[in-house]
Amino acid sequence: MTSPLAILSAATGPARPRLERLGGMLALLAASVRVLASPARFPTWRTEFVLHSIFILRVAALPIAISVAAWGFGGPGLQAGNFLVTFGSIDRAGGFMVVAIVREFGTFVTATVVAGVVGTTITAELGARRVRGELDALRTLGVDPIASIVAPRILALALMMMLLDVLALLCGVLGGYVAAVGVLGGTTGGFVTSFFANATFLDLAASVLKVGLFGVLIGVICSYRGLTASGGAAGVGRAVNDAVVGSLVAIFLVNLLYTQWFLAEFPEVGVFR
């Protein structure tokens, strides 16, 4: 007769690796928070934090600006603008930019670009160090890789993505403005009036906070995949692929839950003025 423990083990078998990965990521996040919250550890990670913050801004700012501006021009700018022209209300396009750029796609595109540009770099770097045995050598020398490498990268991602989000919102709204006013014949006054009638500080704060959360997710997922890479160069490649896919899935799910919570908690922002 099969024991209940064996039945439970068989039932949870396919999900066990996923649960183990999730537990490992949560443990990595907890360890990073402990490092960052300890004043005694500040000299350990401050230099790496500054260097990686500069790296993130240098490699991600231009792709984000171009991507969000192009999407703002073609998506809510031209597509939604043509719909508004049909009803003779192109001057309401500015208000639509709040919904499309500030609340949703500006943050999503920012996170996607950073995951592809910065997240892959983190995974590849840590994965290469892992398969070459450098991380084990650091531990042998008494250097904690989480404190010296992982934690500052997670913090840099969270903070720099907040800054990049502001850049993305500006570029996205500018792209929508060019489409609505320059192409579809709207007026600057109507666009600006509609935009500020619907935009609130709450929208900006929620957008920045959400992107900061995305930064933590990308940092933890990509770092964990790099730290657990195995199998030589091919294993590092698989880790990079898994890190990007995992980051995008996590971003999508958190974005969905966050947006639903935000609209439920602050229903007034759902009113189009």
# chains A, B, ... in the order shown; residues from 1 in each chain; ligands from 1
>>> closest_atom_pairs(of="segment 133-206 of chain A", to="segment 222-244 of chain A", cutoff="10 Å", atoms="only C-alpha atoms", output="CSV")
residue,atom,partner,partner_atom,distance
A:Leu135,CA,A:Leu227,CA,8.4
A:Pro145,CA,A:Leu227,CA,9.4
A:Ile146,CA,A:Ser223,CA,9.3
A:Ile149,CA,A:Ser223,CA,9.3
A:Val150,CA,A:Ser223,CA,6.5
A:Ala151,CA,A:Ser223,CA,9.3
A:Arg153,CA,A:Ser223,CA,8.6
A:Ile154,CA,A:Ser223,CA,8.4
>>> write_last_selection(atoms="N, CA and C atoms", output="PDB file, in the first residue's frame")
ATOM      1  N   LEU A 135      33.389  32.486  -7.418  1.00  0.00           N
ATOM      2  CA  LEU A 135      32.556  32.765  -6.245  1.00  0.00           C
ATOM      3  C   LEU A 135      32.994  31.908  -5.054  1.00  0.00           C
ATOM      4  N   PRO A 145      29.892  37.005  -1.494  1.00  0.00           N
ATOM      5  CA  PRO A 145      29.466  37.482  -2.812  1.00  0.00           C
ATOM      6  C   PRO A 145      28.148  38.244  -2.787  1.00  0.00           C
ATOM      7  N   ILE A 146      27.269  37.873  -1.866  1.00  0.00           N
ATOM      8  CA  ILE A 146      25.986  38.574  -1.794  1.00  0.00           C
ATOM      9  C   ILE A 146      26.197  40.017  -1.364  1.00  0.00           C
ATOM     10  N   ILE A 149      28.623  41.764  -4.282  1.00  0.00           N
ATOM     11  CA  ILE A 149      28.234  41.757  -5.694  1.00  0.00           C
ATOM     12  C   ILE A 149      26.719  41.857  -5.878  1.00  0.00           C
ATOM     13  N   VAL A 150      25.969  41.002  -5.208  1.00  0.00           N
ATOM     14  CA  VAL A 150      24.543  40.880  -5.497  1.00  0.00           C
ATOM     15  C   VAL A 150      23.723  42.027  -4.910  1.00  0.00           C
ATOM     16  N   ALA A 151      23.857  42.263  -3.614  1.00  0.00           N
ATOM     17  CA  ALA A 151      23.033  43.273  -2.950  1.00  0.00           C
ATOM     18  C   ALA A 151      23.158  44.664  -3.581  1.00  0.00           C
ATOM     19  N   ARG A 153      23.825  45.436  -6.610  1.00  0.00           N
ATOM     20  CA  ARG A 153      23.189  45.421  -7.923  1.00  0.00           C
ATOM     21  C   ARG A 153      21.667  45.487  -7.800  1.00  0.00           C
ATOM     22  N   ILE A 154      21.123  44.789  -6.840  1.00  0.00           N
ATOM     23  CA  ILE A 154      19.672  44.840  -6.644  1.00  0.00           C
ATOM     24  C   ILE A 154      19.240  46.246  -6.247  1.00  0.00           C
TER      25      ILE A 154
END
>>> closest_residue(among="A:Ala93, A:Ala111, A:Gly175, A:Leu19", to="Ile66 of chain A", atoms="only C-alpha atoms")
A:Gly175
>>> closest_residue(among="A:Met97, A:Val109, A:Cys171, A:Met160", to="Arg58 of chain A", atoms="only C-alpha atoms")
A:Met160
>>> closest_residue(among="A:Thr112, A:Asp203, A:Pro76, A:Leu126", to="Val249 of chain A", atoms="only C-alpha atoms")
A:Thr112
>>> closest_atom_pairs(of="segment 16-63 of chain A", to="segment 115-120 of chain A", cutoff="12 Å", atoms="only C-alpha atoms", output="Markdown table")
| residue | atom | partner | partner_atom | distance |
| --- | --- | --- | --- | --- |
| A:His52 | CA | A:Val118 | CA | 9.7 |
| A:Ser53 | CA | A:Val118 | CA | 10.6 |
| A:Ile54 | CA | A:Val118 | CA | 11.6 |
| A:Phe55 | CA | A:Val118 | CA | 8.6 |
| A:Ile56 | CA | A:Val118 | CA | 6.6 |
| A:Leu57 | CA | A:Val118 | CA | 9.8 |
| A:Arg58 | CA | A:Val118 | CA | 10.4 |
| A:Val59 | CA | A:Val117 | CA | 7.3 |
| A:Ala60 | CA | A:Val117 | CA | 6.8 |
| A:Ala61 | CA | A:Val117 | CA | 10.5 |
| A:Leu62 | CA | A:Val117 | CA | 11.3 |
| A:Pro63 | CA | A:Val117 | CA | 9.1 |
